[in-house]
Amino acid sequence: MLPRILVCGEIKFALAELDEMFGGLAEIVQIISPDRSHFLTSFAPGGPYEGTIGIYPIGNFDESLVNALAETSTVRWIAQNGSGYDQIDVQTCNVRGILVSNTPFVNADATAQTTLYLMLSCLRHFSMAERSLRAGTWKSVVSVPDTRHHRPHACIGLRLAHFAHVFPMRVLYHSRRPVTTPPPWCRYVGSVEALCREADVLSGHIPLNAETIGLIGEREIRALKKGNILINTARGRIVDEWAMIRALEDGHVSLIAQCVLLPHVGGESAESEKARELRALANLHEFVQGRMGTDVVPELRS
């Protein structure tokens with residue numbers, strides 16, 4: 001019997017490539033379980049998931065689920081479709097010998113475009129103007145902001161820096177270390193707090209992990225100049241939500257364009273969805289052939 005790959009969720013754009021990748025190497029099995037109990041018992045001998053070695057996941061793979069998988073199945077790889085993987089308990093995976101991969105960078109353009117939309121909407125009050133128009137009040141909202149934009153830097157941030165360069169914006173960034181060859185219109189700042197002191201618009205593009213939860217907290221938000229704008233197209237918990245609410249209520253921050261104000265579509269486009277599917281499947285393909293690939297999450301790299 002060929003080893004099995006369990007697909008949890010729908011593959012929309014890479015079905016043809018799926019057949020090409022795994023034909024003769026592995027059997028693709030679609031999830032049929034209505035609940036967690038059925039899911040786990042289905043890995044038993046004779047079950048529909050027997051012999052599964054890799055999972056293309058959707059949902060929350062918490063400590064109890066990972067432990068149960070390790071005890072009841074032959075699963076040794078979880079290939080996340082997306083750059084964020086905070087819904088997978090990677091520390092328990094490490095203890096139980098299950099590797100986790102993600103798909104970094106593939107939605108950089110889509111997310112940078114969303115960030116640019118949110119930034120312009122906040123700076124020019126376009127969203128407020130639209131609501132006024134729909135309400136029939138036809139109120140004109142005029143804003144002439146300082147056209148500088150500063151933000152923490154990452155792959156998505158780098159793409160945004162290129163998009164923002166079309167406008168007369170000065171770009172500052174912070175990351176764990178300066179970029180080796182940054183665009184000439186970008187300048188590195190040594191800390192998040194220092195970045196906040198100079199920012200007119202602060203935009204975050206960082207993964208969620210133990211070190212980044214609440215990274216933009218009370219101190220950083222209060223370091224922003226009064227009336228400035230905060231954009232978060234990363235995971236919501238990188239911003240201290242109560243500190244954010246207090247700053248909105250007392251007017252210290254004028255607008256916050258966080259992805260919760262949209263459906264979670266910042267990184268979604270037909271191109272980025274297909275790229276994520278292909279990258280996640282490629283990680284599984286490498287594993288089936290006995291290789292490690294390049295996308296094992298940092299916590300599990302040896």
# chains A, B, ... in the order shown; residues from 1 in each chain; ligands from 1
call {"tool": "residues_around", "arguments": {"residues": "Asn67 in chain A", "least_positions_apart": "3", "cutoff": "8 Å", "atoms": "only C-alpha atoms", "output": "list in words"}}
result
Glu63, Ser64, Ala70, Glu71, Thr92, Cys93 and Arg96 of chain A
call {"tool": "atom_distance", "arguments": {"atom1": "CA of Ile31 in chain A", "atom2": "CA of Asp62 in chain A"}}
result
18.1 Å
call {"tool": "residues_around", "arguments": {"residues": "range 7-19 of chain A", "least_positions_apart": "4", "cutoff": "7 Å", "atoms": "only C-alpha atoms", "output": "number ranges by chain"}}
result
A: 23, 29-31, 55-58, 274, 277-278
call {"tool": "write_last_selection", "arguments": {"atoms": "C-alpha atoms", "output": "PDB file, in the first residue's frame"}}
result
ATOM      1  CA  GLY A  23       1.059   9.885  -8.744  1.00  0.00           C
ATOM      2  CA  VAL A  29      -7.101  10.896   0.985  1.00  0.00           C
ATOM      3  CA  GLN A  30      -9.759  13.572   1.625  1.00  0.00           C
ATOM      4  CA  ILE A  31     -10.900  14.105   5.200  1.00  0.00           C
ATOM      5  CA  ILE A  55      -1.306  16.020   6.650  1.00  0.00           C
ATOM      6  CA  TYR A  56      -2.285  19.073   4.634  1.00  0.00           C
ATOM      7  CA  PRO A  57      -4.060  20.699   7.566  1.00  0.00           C
ATOM      8  CA  ILE A  58      -6.807  23.101   8.380  1.00  0.00           C
ATOM      9  CA  LYS A 274      -2.368  28.724  -5.705  1.00  0.00           C
ATOM     10  CA  GLU A 277      -1.211  25.303  -2.130  1.00  0.00           C
ATOM     11  CA  LEU A 278       1.733  24.403  -4.368  1.00  0.00           C
TER      12      LEU A 278
END
call {"tool": "closest_residue", "arguments": {"among": "A:Ala199, A:Ile98, A:Ile216, A:Ile53", "to": "Val66 in chain A", "atoms": "only C-alpha atoms"}}
result
A:Ile98
call {"tool": "residues_around", "arguments": {"residues": "range 238-254 of chain A", "least_positions_apart": "5", "cutoff": "6 Å", "atoms": "only C-alpha atoms", "output": "PyMOL selection string"}}
result
chain A and resi 212-218+226-229
call {"tool": "write_last_selection", "arguments": {"atoms": "N, CA, C and O atoms", "output": "mmCIF file, in the first residue's frame"}}
result
data_model
loop_
_atom_site.group_PDB
_atom_site.id
_atom_site.type_symbol
_atom_site.label_atom_id
_atom_site.label_comp_id
_atom_site.auth_asym_id
_atom_site.auth_seq_id
_atom_site.Cartn_x
_atom_site.Cartn_y
_atom_site.Cartn_z
ATOM 1 N N THR A 212 6.582 37.623 20.066
ATOM 2 C CA THR A 212 5.910 38.755 19.407
ATOM 3 C C THR A 212 4.498 39.008 19.922
ATOM 4 O O THR A 212 3.875 39.984 19.511
ATOM 5 N N ILE A 213 3.972 38.150 20.804
ATOM 6 C CA ILE A 213 2.658 38.431 21.391
ATOM 7 C C ILE A 213 2.732 39.738 22.166
ATOM 8 O O ILE A 213 3.579 39.915 23.034
ATOM 9 N N GLY A 214 1.861 40.695 21.838
ATOM 10 C CA GLY A 214 1.858 41.992 22.523
ATOM 11 C C GLY A 214 3.075 42.840 22.241
ATOM 12 O O GLY A 214 3.386 43.763 23.009
ATOM 13 N N LEU A 215 3.786 42.570 21.144
ATOM 14 C CA LEU A 215 4.994 43.342 20.824
ATOM 15 C C LEU A 215 4.691 44.831 20.734
ATOM 16 O O LEU A 215 5.479 45.680 21.163
ATOM 17 N N ILE A 216 3.555 45.166 20.145
ATOM 18 C CA ILE A 216 3.117 46.560 20.106
ATOM 19 C C ILE A 216 2.130 46.744 21.247
ATOM 20 O O ILE A 216 0.946 46.433 21.141
ATOM 21 N N GLY A 217 2.665 47.199 22.369
ATOM 22 C CA GLY A 217 1.879 47.330 23.589
ATOM 23 C C GLY A 217 1.673 48.780 23.988
ATOM 24 O O GLY A 217 1.825 49.701 23.186
ATOM 25 N N GLU A 218 1.349 48.960 25.268
ATOM 26 C CA GLU A 218 1.058 50.304 25.788
ATOM 27 C C GLU A 218 2.214 51.267 25.518
ATOM 28 O O GLU A 218 2.007 52.389 25.044
ATOM 29 N N LYS A 226 0.648 61.591 18.742
ATOM 30 C CA LYS A 226 -0.806 61.607 18.888
ATOM 31 C C LYS A 226 -1.478 61.817 17.532
ATOM 32 O O LYS A 226 -1.086 62.674 16.750
ATOM 33 N N GLY A 227 -2.494 61.009 17.281
ATOM 34 C CA GLY A 227 -3.249 61.122 16.043
ATOM 35 C C GLY A 227 -2.726 60.279 14.902
ATOM 36 O O GLY A 227 -3.265 60.329 13.799
ATOM 37 N N ASN A 228 -1.679 59.483 15.154
ATOM 38 C CA ASN A 228 -1.122 58.664 14.085
ATOM 39 C C ASN A 228 -1.932 57.391 13.858
ATOM 40 O O ASN A 228 -2.889 57.108 14.570
ATOM 41 N N ILE A 229 -1.513 56.624 12.874
ATOM 42 C CA ILE A 229 -2.295 55.480 12.399
ATOM 43 C C ILE A 229 -1.503 54.203 12.608
ATOM 44 O O ILE A 229 -0.297 54.149 12.359
#
call {"tool": "residues_around", "arguments": {"residues": "range 284-287 of chain A", "least_positions_apart": "3", "cutoff": "12 Å", "atoms": "only C-alpha atoms", "output": "VMD selection string"}}
result
chain A and resid 3 to 7 17 to 28 52 to 57 75 to 81 98 to 103 277 to 281 290 to 296
call {"tool": "closest_residue", "arguments": {"among": "A:Ser203, A:Ser191, A:Ser272, A:Thr137", "to": "Pro104 in chain A", "atoms": "only C-alpha atoms"}}
result
A:Ser272
call {"tool": "closest_residue", "arguments": {"among": "A:Leu195, A:Val189, A:Leu208, A:Ile32", "to": "Gly236 in chain A", "atoms": "only C-alpha atoms"}}
result
A:Leu208
call {"tool": "closest_residue", "arguments": {"among": "A:Asn60, A:Arg197, A:Ser37, A:Asp89", "to": "Thr72 in chain A", "atoms": "only C-alpha atoms"}}
result
A:Ser37
call {"tool": "atom_distance", "arguments": {"atom1": "CA of Val90 in chain A", "atom2": "CA of Glu299 in chain A"}}
result
7.3 Å
call {"tool": "closest_residue", "arguments": {"among": "A:Arg36, A:Val297, A:Pro183, A:Leu116", "to": "Ile88 in chain A", "atoms": "only C-alpha atoms"}}
result
A:Val297
call {"tool": "select_by_dssp", "arguments": {"residues": "range 70-271 of chain A", "states": "alpha helix (DSSP H)", "output": "ChimeraX atom specification"}}
result
/A:70-72,90-95,108-124,126-134,155-164,192-198,218-223,241-249,270-271
call {"tool": "closest_residue", "arguments": {"among": "A:Ala223, A:Val179, A:Met119, A:Ala210", "to": "Phe167 in chain A", "atoms": "only C-alpha atoms"}}
result
A:Met119
call {"tool": "select_by_dssp", "arguments": {"residues": "range 137-235 of chain A", "states": "strand (DSSP E)", "output": "PyMOL selection string"}}
result
chain A and resi 149-152+171-174+186-188+201-204+228-232
call {"tool": "atom_distance", "arguments": {"atom1": "CA of Val288 in chain A", "atom2": "CA of Phe43 in chain A"}}
result
18.0 Å
